[in-house]
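Below is one structure, written out as structure tokens, with a few remarks after it.
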Amino acid sequence: MEIIVKENYQEMSLYTAEMVADLVRRKPDCVIGFATGRTPVGTYQELIRLHKAGLDFSGIRAFNLDEYLGIGRDMSKPYDQDQSYARFMYEELFRHINVKEENIHIPDGLAKDPDAFCAAYEQEISKAGGIDLQILGIGGDGHWGFNEPGASLSSRTRVENLTAQTLDDNYEAFYRKAGIPREQMPTQAITMGIGTILEARNLIMIANGSKKAGIIAKALQGPVTSAVTASAIQLYTGKAVVVLDREAASALRNLK
Ligand code: GLP
């Protein structure tokens, strides 16, 4: 794994976007795994800027990591009623670039049979030839996607119960400002599994801010454990690049 430390969020985002753009230029029909959360927003803004400057996303295939169960791609709903990751991805990226609608895959939180949907999602990823590059953040409890503490490191796409910490973090980040009462926040999600993520050919993991410093040190330099599912990065055999700002890197030991 390669750890890159950038001075601030802006530089971290530019660097990450450039890695994604480089892949899109080299392989116009690449398969990209996208993540949600506040962390990748700067990267997506830079990708939008690059698109306006000519970067062509018309051939890419997109697979998102996760979605809350019970909400989803219902674009008829007003913004304040829908905090779905589908809406997030359209607002923050997809609507602003020329990715083709039929090439966008997001777990369907409104699926009638979520388990069947999860199995089909895995098949869709395989049919696309696997993921070339998976973008990842990290949750405050060390999760990737919504693989909460205790999730098997070989898990596949499935329904997961969200922990109190994740509900608190994500309520503060998204739901509160939309004026949605805490009781209405979904408590389960569909997520790619850790096993699914580890099959991607390249990973980029990003984190910023001092709040993430402790969990980043645990994930990258602590024991590999299902208690911190992102620690699975230490088992990963493909090319993994971790891009951090100085604050998120501040608890790492022996950085060169
Ligand atoms: C959510 C997502 C994760 C993301 C995490 C961190 O729980 N499911 O994929 O990494 O939030 O979010 P943020 O970037 O807002 O800290």
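Ligands are numbered from 1 in the order shown, residues from 1 within each chain, and chains are lettered A, B, ... in the order they appear in the structure tokens.
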
Surroundings of ligand 1 up to 9 Å, based on only C-alpha atoms and all ligand atoms, as a ChimeraX atom specification: /A:34-41,65-68,85,136-140,142-147,162,166-167,169-170,173-174,189,191,205-208,211-212

Non-local contacts of A:Gly195 (9 Å; only C-alpha atoms; under 2 positions in same chain excluded) as a list of chain:residue names: A:Ser152, A:Leu153, A:Ser154, A:Ser155, A:Arg156, A:Thr157, A:Met192, A:Gly193, A:Ile197, A:Leu198, A:Glu199

Contact residues around stretch 21-27 of chain A with only C-alpha atoms at 9 Å, ignoring same-chain residues under 2 positions, as a VMD selection string: chain A and resid 16 to 19 29 to 30 47 50 55 to 57 59 to 60 132 to 133

Selected residues written out with N, CA, C and O atoms, as a PDB file, in the first residue's frame:
ATOM      1  N   THR A  16      -6.482  12.866  -5.917  1.00  0.00           N
ATOM      2  CA  THR A  16      -7.362  11.705  -6.098  1.00  0.00           C
ATOM      3  C   THR A  16      -8.088  11.800  -7.439  1.00  0.00           C
ATOM      4  O   THR A  16      -8.170  10.814  -8.188  1.00  0.00           O
ATOM      5  N   ALA A  17      -8.598  12.981  -7.743  1.00  0.00           N
ATOM      6  CA  ALA A  17      -9.311  13.158  -9.018  1.00  0.00           C
ATOM      7  C   ALA A  17      -8.373  12.890 -10.193  1.00  0.00           C
ATOM      8  O   ALA A  17      -8.775  12.287 -11.198  1.00  0.00           O
ATOM      9  N   GLU A  18      -7.129  13.297 -10.054  1.00  0.00           N
ATOM     10  CA  GLU A  18      -6.184  13.086 -11.157  1.00  0.00           C
ATOM     11  C   GLU A  18      -5.930  11.596 -11.370  1.00  0.00           C
ATOM     12  O   GLU A  18      -5.811  11.128 -12.511  1.00  0.00           O
ATOM     13  N   MET A  19      -5.904  10.820 -10.279  1.00  0.00           N
ATOM     14  CA  MET A  19      -5.734   9.368 -10.426  1.00  0.00           C
ATOM     15  C   MET A  19      -6.926   8.753 -11.165  1.00  0.00           C
ATOM     16  O   MET A  19      -6.769   7.872 -12.011  1.00  0.00           O
ATOM     17  N   ASP A  29     -13.432   2.726 -21.127  1.00  0.00           N
ATOM     18  CA  ASP A  29     -14.587   1.940 -20.680  1.00  0.00           C
ATOM     19  C   ASP A  29     -14.334   1.306 -19.310  1.00  0.00           C
ATOM     20  O   ASP A  29     -14.880   0.240 -18.988  1.00  0.00           O
ATOM     21  N   CYS A  30     -13.539   1.980 -18.492  1.00  0.00           N
ATOM     22  CA  CYS A  30     -13.184   1.410 -17.184  1.00  0.00           C
ATOM     23  C   CYS A  30     -14.400   1.316 -16.261  1.00  0.00           C
ATOM     24  O   CYS A  30     -15.417   1.988 -16.459  1.00  0.00           O
ATOM     25  N   LEU A  47     -13.450  16.318 -10.619  1.00  0.00           N
ATOM     26  CA  LEU A  47     -13.785  15.502 -11.811  1.00  0.00           C
ATOM     27  C   LEU A  47     -14.764  16.266 -12.712  1.00  0.00           C
ATOM     28  O   LEU A  47     -14.670  16.200 -13.943  1.00  0.00           O
ATOM     29  N   LEU A  50     -12.774  18.755 -14.573  1.00  0.00           N
ATOM     30  CA  LEU A  50     -12.018  18.107 -15.650  1.00  0.00           C
ATOM     31  C   LEU A  50     -12.940  17.746 -16.813  1.00  0.00           C
ATOM     32  O   LEU A  50     -12.566  17.837 -17.981  1.00  0.00           O
ATOM     33  N   LEU A  55     -12.716  16.059 -20.319  1.00  0.00           N
ATOM     34  CA  LEU A  55     -12.589  14.633 -19.955  1.00  0.00           C
ATOM     35  C   LEU A  55     -13.913  13.909 -20.238  1.00  0.00           C
ATOM     36  O   LEU A  55     -14.980  14.347 -19.804  1.00  0.00           O
ATOM     37  N   ASP A  56     -13.802  12.810 -20.953  1.00  0.00           N
ATOM     38  CA  ASP A  56     -14.989  12.107 -21.458  1.00  0.00           C
ATOM     39  C   ASP A  56     -15.315  10.894 -20.584  1.00  0.00           C
ATOM     40  O   ASP A  56     -14.523   9.960 -20.481  1.00  0.00           O
ATOM     41  N   PHE A  57     -16.484  10.913 -19.969  1.00  0.00           N
ATOM     42  CA  PHE A  57     -16.902   9.808 -19.110  1.00  0.00           C
ATOM     43  C   PHE A  57     -17.934   8.914 -19.807  1.00  0.00           C
ATOM     44  O   PHE A  57     -18.566   8.091 -19.158  1.00  0.00           O
ATOM     45  N   GLY A  59     -17.849   6.403 -21.663  1.00  0.00           N
ATOM     46  CA  GLY A  59     -17.658   4.950 -21.727  1.00  0.00           C
ATOM     47  C   GLY A  59     -17.588   4.272 -20.375  1.00  0.00           C
ATOM     48  O   GLY A  59     -17.637   3.038 -20.290  1.00  0.00           O
ATOM     49  N   ILE A  60     -17.469   5.051 -19.289  1.00  0.00           N
ATOM     50  CA  ILE A  60     -17.220   4.408 -17.990  1.00  0.00           C
ATOM     51  C   ILE A  60     -18.452   3.670 -17.492  1.00  0.00           C
ATOM     52  O   ILE A  60     -19.587   3.991 -17.845  1.00  0.00           O
ATOM     53  N   ASP A 132     -12.262  -1.849 -11.873  1.00  0.00           N
ATOM     54  CA  ASP A 132     -10.865  -1.437 -12.111  1.00  0.00           C
ATOM     55  C   ASP A 132     -10.330  -0.619 -10.949  1.00  0.00           C
ATOM     56  O   ASP A 132      -9.178  -0.774 -10.557  1.00  0.00           O
ATOM     57  N   LEU A 133     -11.161   0.289 -10.451  1.00  0.00           N
ATOM     58  CA  LEU A 133     -10.709   1.197  -9.399  1.00  0.00           C
ATOM     59  C   LEU A 133     -11.858   1.458  -8.442  1.00  0.00           C
ATOM     60  O   LEU A 133     -12.908   1.957  -8.849  1.00  0.00           O
TER      61      LEU A 133
END

DSSP strand (DSSP E) selection over stretch 9-243 of chain A, as a ChimeraX atom specification: /A:31-34,61-64,66-68,104-105,133-136,158-161,188-191,202-207,239-243

Atoms to include: N, CA and C atoms. Write the selected residues as a compact mmCIF listing (two decimals), in the first residue's frame.
# COMPACT_ATOMS: atom_id res chain seq x y z
N VAL A 31 -14.25 0.45 -15.26
CA VAL A 31 -15.30 0.25 -14.26
C VAL A 31 -14.83 0.91 -12.97
N ILE A 32 -15.57 1.91 -12.52
CA ILE A 32 -15.17 2.65 -11.32
C ILE A 32 -16.17 2.41 -10.20
N GLY A 33 -15.65 2.09 -9.03
CA GLY A 33 -16.50 1.96 -7.85
C GLY A 33 -16.52 3.30 -7.12
N PHE A 34 -17.70 3.87 -6.95
CA PHE A 34 -17.81 5.19 -6.32
C PHE A 34 -18.28 5.07 -4.88
N ARG A 61 -18.19 2.66 -16.68
CA ARG A 61 -19.27 1.97 -15.96
C ARG A 61 -19.09 2.29 -14.48
N ALA A 62 -20.17 2.62 -13.80
CA ALA A 62 -20.08 3.04 -12.39
C ALA A 62 -20.84 2.06 -11.50
N PHE A 63 -20.21 1.67 -10.41
CA PHE A 63 -20.87 0.84 -9.40
C PHE A 63 -20.69 1.49 -8.04
N ASN A 64 -21.80 1.83 -7.41
CA ASN A 64 -21.66 2.43 -6.08
C ASN A 64 -21.57 1.39 -4.98
N ASP A 66 -22.78 1.46 -1.81
CA ASP A 66 -23.83 1.18 -0.83
C ASP A 66 -25.04 2.10 -0.98
N GLU A 67 -26.07 1.78 -0.27
CA GLU A 67 -27.31 2.59 -0.25
C GLU A 67 -28.10 2.22 1.00
N TYR A 68 -28.76 3.20 1.58
CA TYR A 68 -29.65 2.92 2.71
C TYR A 68 -30.81 2.05 2.25
N ILE A 104 -24.85 3.39 -14.95
CA ILE A 104 -24.80 3.74 -13.53
C ILE A 104 -25.49 2.65 -12.72
N HIS A 105 -24.75 2.07 -11.79
CA HIS A 105 -25.29 1.01 -10.92
C HIS A 105 -25.17 1.47 -9.47
N LEU A 133 -11.16 0.29 -10.45
CA LEU A 133 -10.71 1.20 -9.40
C LEU A 133 -11.86 1.46 -8.44
N GLN A 134 -11.65 1.12 -7.19
CA GLN A 134 -12.67 1.38 -6.17
C GLN A 134 -12.23 2.56 -5.31
N ILE A 135 -13.08 3.58 -5.24
CA ILE A 135 -12.83 4.73 -4.37
C ILE A 135 -13.46 4.42 -3.01
N LEU A 136 -12.73 4.69 -1.94
CA LEU A 136 -13.23 4.39 -0.60
C LEU A 136 -12.96 5.55 0.35
N ARG A 158 -24.62 -7.38 0.60
CA ARG A 158 -25.69 -7.87 1.47
C ARG A 158 -26.33 -6.71 2.24
N VAL A 159 -27.35 -7.06 3.04
CA VAL A 159 -27.99 -6.07 3.91
C VAL A 159 -27.23 -6.06 5.25
N GLU A 160 -26.94 -4.88 5.75
CA GLU A 160 -26.17 -4.74 7.00
C GLU A 160 -26.93 -3.81 7.95
N ASN A 161 -26.89 -4.12 9.26
CA ASN A 161 -27.46 -3.21 10.26
C ASN A 161 -26.43 -2.13 10.59
N GLN A 188 -30.74 0.37 8.27
CA GLN A 188 -30.08 -0.72 7.55
C GLN A 188 -29.62 -0.20 6.19
N ALA A 189 -28.73 -0.95 5.58
CA ALA A 189 -28.23 -0.54 4.26
C ALA A 189 -27.85 -1.77 3.45
N ILE A 190 -27.79 -1.57 2.13
CA ILE A 190 -27.18 -2.57 1.25
C ILE A 190 -25.75 -2.12 1.04
N THR A 191 -24.80 -3.02 1.20
CA THR A 191 -23.40 -2.63 0.96
C THR A 191 -22.66 -3.74 0.22
N ASN A 202 -7.75 -2.05 -8.26
CA ASN A 202 -7.02 -0.96 -7.60
C ASN A 202 -7.96 -0.32 -6.58
N LEU A 203 -7.37 0.14 -5.49
CA LEU A 203 -8.16 0.86 -4.48
C LEU A 203 -7.55 2.25 -4.27
N ILE A 204 -8.42 3.24 -4.08
CA ILE A 204 -7.96 4.53 -3.56
C ILE A 204 -8.78 4.80 -2.32
N MET A 205 -8.11 4.96 -1.21
CA MET A 205 -8.82 5.26 0.03
C MET A 205 -8.45 6.69 0.42
N ILE A 206 -9.45 7.48 0.78
CA ILE A 206 -9.19 8.88 1.12
C ILE A 206 -9.77 9.22 2.49
N ALA A 207 -9.07 10.09 3.19
CA ALA A 207 -9.57 10.58 4.49
C ALA A 207 -8.95 11.93 4.77
N LYS A 239 -3.11 -2.92 -6.22
CA LYS A 239 -2.46 -1.64 -5.94
C LYS A 239 -3.41 -0.75 -5.12
N ALA A 240 -2.99 -0.45 -3.89
CA ALA A 240 -3.81 0.42 -3.04
C ALA A 240 -3.06 1.71 -2.77
N VAL A 241 -3.73 2.82 -2.99
CA VAL A 241 -3.15 4.13 -2.68
C VAL A 241 -4.05 4.79 -1.64
N VAL A 242 -3.46 5.23 -0.54
CA VAL A 242 -4.22 5.92 0.50
C VAL A 242 -3.81 7.39 0.43
N VAL A 243 -4.78 8.26 0.19
CA VAL A 243 -4.47 9.68 0.06
C VAL A 243 -5.10 10.39 1.27

All alpha helix (DSSP H) residues (DSSP, backbone) inside stretch 78-256 of chain A, as an MDAnalysis selection string: chainID A and resid 85:92 114:127 164:170 194:198 213:221

Could the residues in this selection be saved with N, CA and C atoms as a tab-separated table (two decimals), in the first residue's frame?
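So part26.tsv came out as:
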chain	number	residue	atom	x	y	z
A	85	TYR	N	-28.29	7.69	-1.22
A	85	TYR	CA	-26.98	7.80	-1.85
A	85	TYR	C	-27.13	7.94	-3.36
A	86	ALA	N	-28.23	7.42	-3.90
A	86	ALA	CA	-28.48	7.62	-5.33
A	86	ALA	C	-28.59	9.12	-5.61
A	87	ARG	N	-29.40	9.79	-4.81
A	87	ARG	CA	-29.56	11.23	-5.03
A	87	ARG	C	-28.22	11.95	-4.82
A	88	PHE	N	-27.52	11.56	-3.78
A	88	PHE	CA	-26.21	12.17	-3.51
A	88	PHE	C	-25.32	12.06	-4.75
A	89	MET	N	-25.24	10.87	-5.33
A	89	MET	CA	-24.33	10.67	-6.47
A	89	MET	C	-24.73	11.50	-7.68
A	90	TYR	N	-26.05	11.60	-7.90
A	90	TYR	CA	-26.50	12.42	-9.03
A	90	TYR	C	-26.21	13.89	-8.77
A	91	GLU	N	-26.50	14.34	-7.54
A	91	GLU	CA	-26.28	15.77	-7.22
A	91	GLU	C	-24.81	16.13	-7.25
A	92	GLU	N	-23.99	15.26	-6.71
A	92	GLU	CA	-22.57	15.61	-6.51
A	92	GLU	C	-21.69	15.28	-7.72
A	114	PRO	N	-34.44	-7.52	-1.23
A	114	PRO	CA	-33.07	-7.02	-1.13
A	114	PRO	C	-32.01	-8.12	-1.27
A	115	ASP	N	-32.27	-9.30	-0.72
A	115	ASP	CA	-31.25	-10.36	-0.80
A	115	ASP	C	-31.02	-10.77	-2.26
A	116	ALA	N	-32.13	-10.90	-3.00
A	116	ALA	CA	-31.99	-11.26	-4.42
A	116	ALA	C	-31.27	-10.13	-5.15
A	117	PHE	N	-31.60	-8.88	-4.79
A	117	PHE	CA	-30.93	-7.75	-5.43
A	117	PHE	C	-29.41	-7.83	-5.20
A	118	CYS	N	-29.02	-8.14	-3.96
A	118	CYS	CA	-27.59	-8.18	-3.62
A	118	CYS	C	-26.86	-9.22	-4.47
A	119	ALA	N	-27.48	-10.39	-4.62
A	119	ALA	CA	-26.85	-11.45	-5.43
A	119	ALA	C	-26.72	-10.98	-6.87
A	120	ALA	N	-27.77	-10.31	-7.37
A	120	ALA	CA	-27.75	-9.82	-8.77
A	120	ALA	C	-26.69	-8.73	-8.95
A	121	TYR	N	-26.50	-7.91	-7.92
A	121	TYR	CA	-25.51	-6.81	-7.99
A	121	TYR	C	-24.10	-7.39	-8.15
A	122	GLU	N	-23.83	-8.44	-7.40
A	122	GLU	CA	-22.53	-9.12	-7.53
A	122	GLU	C	-22.34	-9.62	-8.97
A	123	GLN	N	-23.42	-10.18	-9.52
A	123	GLN	CA	-23.33	-10.70	-10.90
A	123	GLN	C	-23.09	-9.58	-11.90
A	124	GLU	N	-23.74	-8.43	-11.66
A	124	GLU	CA	-23.54	-7.28	-12.55
A	124	GLU	C	-22.08	-6.84	-12.56
A	125	ILE	N	-21.48	-6.83	-11.36
A	125	ILE	CA	-20.07	-6.44	-11.26
A	125	ILE	C	-19.22	-7.43	-12.05
A	126	SER	N	-19.50	-8.71	-11.88
A	126	SER	CA	-18.73	-9.74	-12.62
A	126	SER	C	-18.91	-9.57	-14.12
A	127	LYS	N	-20.18	-9.36	-14.54
A	127	LYS	CA	-20.46	-9.22	-15.98
A	127	LYS	C	-19.70	-8.03	-16.59
A	164	ALA	N	-24.75	2.40	16.09
A	164	ALA	CA	-25.18	3.69	16.65
A	164	ALA	C	-24.21	4.79	16.22
A	165	GLN	N	-22.91	4.49	16.18
A	165	GLN	CA	-21.94	5.53	15.80
A	165	GLN	C	-22.16	6.00	14.35
A	166	THR	N	-22.40	5.03	13.46
A	166	THR	CA	-22.64	5.39	12.06
A	166	THR	C	-23.92	6.21	11.93
A	167	LEU	N	-24.95	5.79	12.66
A	167	LEU	CA	-26.20	6.55	12.58
A	167	LEU	C	-25.99	7.97	13.10
A	168	ASP	N	-25.24	8.11	14.19
A	168	ASP	CA	-24.95	9.45	14.74
A	168	ASP	C	-24.17	10.28	13.72
A	169	ASP	N	-23.06	9.69	13.20
A	169	ASP	CA	-22.20	10.44	12.27
A	169	ASP	C	-22.99	10.89	11.05
A	170	ASN	N	-23.72	9.94	10.46
A	170	ASN	CA	-24.40	10.27	9.21
A	170	ASN	C	-25.63	11.14	9.43
A	194	ILE	N	-16.75	-6.69	2.11
A	194	ILE	CA	-15.30	-6.49	2.11
A	194	ILE	C	-14.64	-7.40	1.07
A	195	GLY	N	-15.17	-8.62	0.96
A	195	GLY	CA	-14.64	-9.54	-0.06
A	195	GLY	C	-14.84	-8.98	-1.46
A	196	THR	N	-16.00	-8.36	-1.70
A	196	THR	CA	-16.28	-7.75	-3.00
A	196	THR	C	-15.28	-6.62	-3.27
A	197	ILE	N	-15.06	-5.78	-2.28
A	197	ILE	CA	-14.16	-4.63	-2.44
A	197	ILE	C	-12.73	-5.10	-2.72
A	198	LEU	N	-12.31	-6.14	-2.01
A	198	LEU	CA	-10.92	-6.61	-2.18
A	198	LEU	C	-10.67	-7.21	-3.56
A	213	ALA	N	-7.96	10.77	12.21
A	213	ALA	CA	-6.57	10.35	12.44
A	213	ALA	C	-6.47	9.02	13.18
A	214	GLY	N	-7.23	8.88	14.27
A	214	GLY	CA	-7.14	7.67	15.08
A	214	GLY	C	-7.57	6.43	14.32
A	215	ILE	N	-8.66	6.53	13.60
A	215	ILE	CA	-9.19	5.34	12.91
A	215	ILE	C	-8.31	5.01	11.69
A	216	ILE	N	-7.71	6.01	11.09
A	216	ILE	CA	-6.78	5.75	9.98
A	216	ILE	C	-5.57	4.97	10.49
A	217	ALA	N	-5.04	5.38	11.65
A	217	ALA	CA	-3.88	4.67	12.21
A	217	ALA	C	-4.26	3.23	12.53
A	218	LYS	N	-5.45	3.02	13.08
A	218	LYS	CA	-5.89	1.65	13.38
A	218	LYS	C	-6.01	0.82	12.11
A	219	ALA	N	-6.65	1.40	11.10
A	219	ALA	CA	-6.91	0.64	9.87
A	219	ALA	C	-5.62	0.30	9.13
A	220	LEU	N	-4.68	1.25	9.09
A	220	LEU	CA	-3.48	1.02	8.26
A	220	LEU	C	-2.36	0.33	9.02
A	221	GLN	N	-2.31	0.57	10.34
A	221	GLN	CA	-1.15	0.06	11.09
A	221	GLN	C	-1.53	-0.77	12.31

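Atom CA of A:Glu148 is positioned 28.8 Å from atom CA of A:Leu14.
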
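Distance-wise, atom CA of A:Tyr15 and atom CA of A:Ala53 end up 16.7 Å apart.
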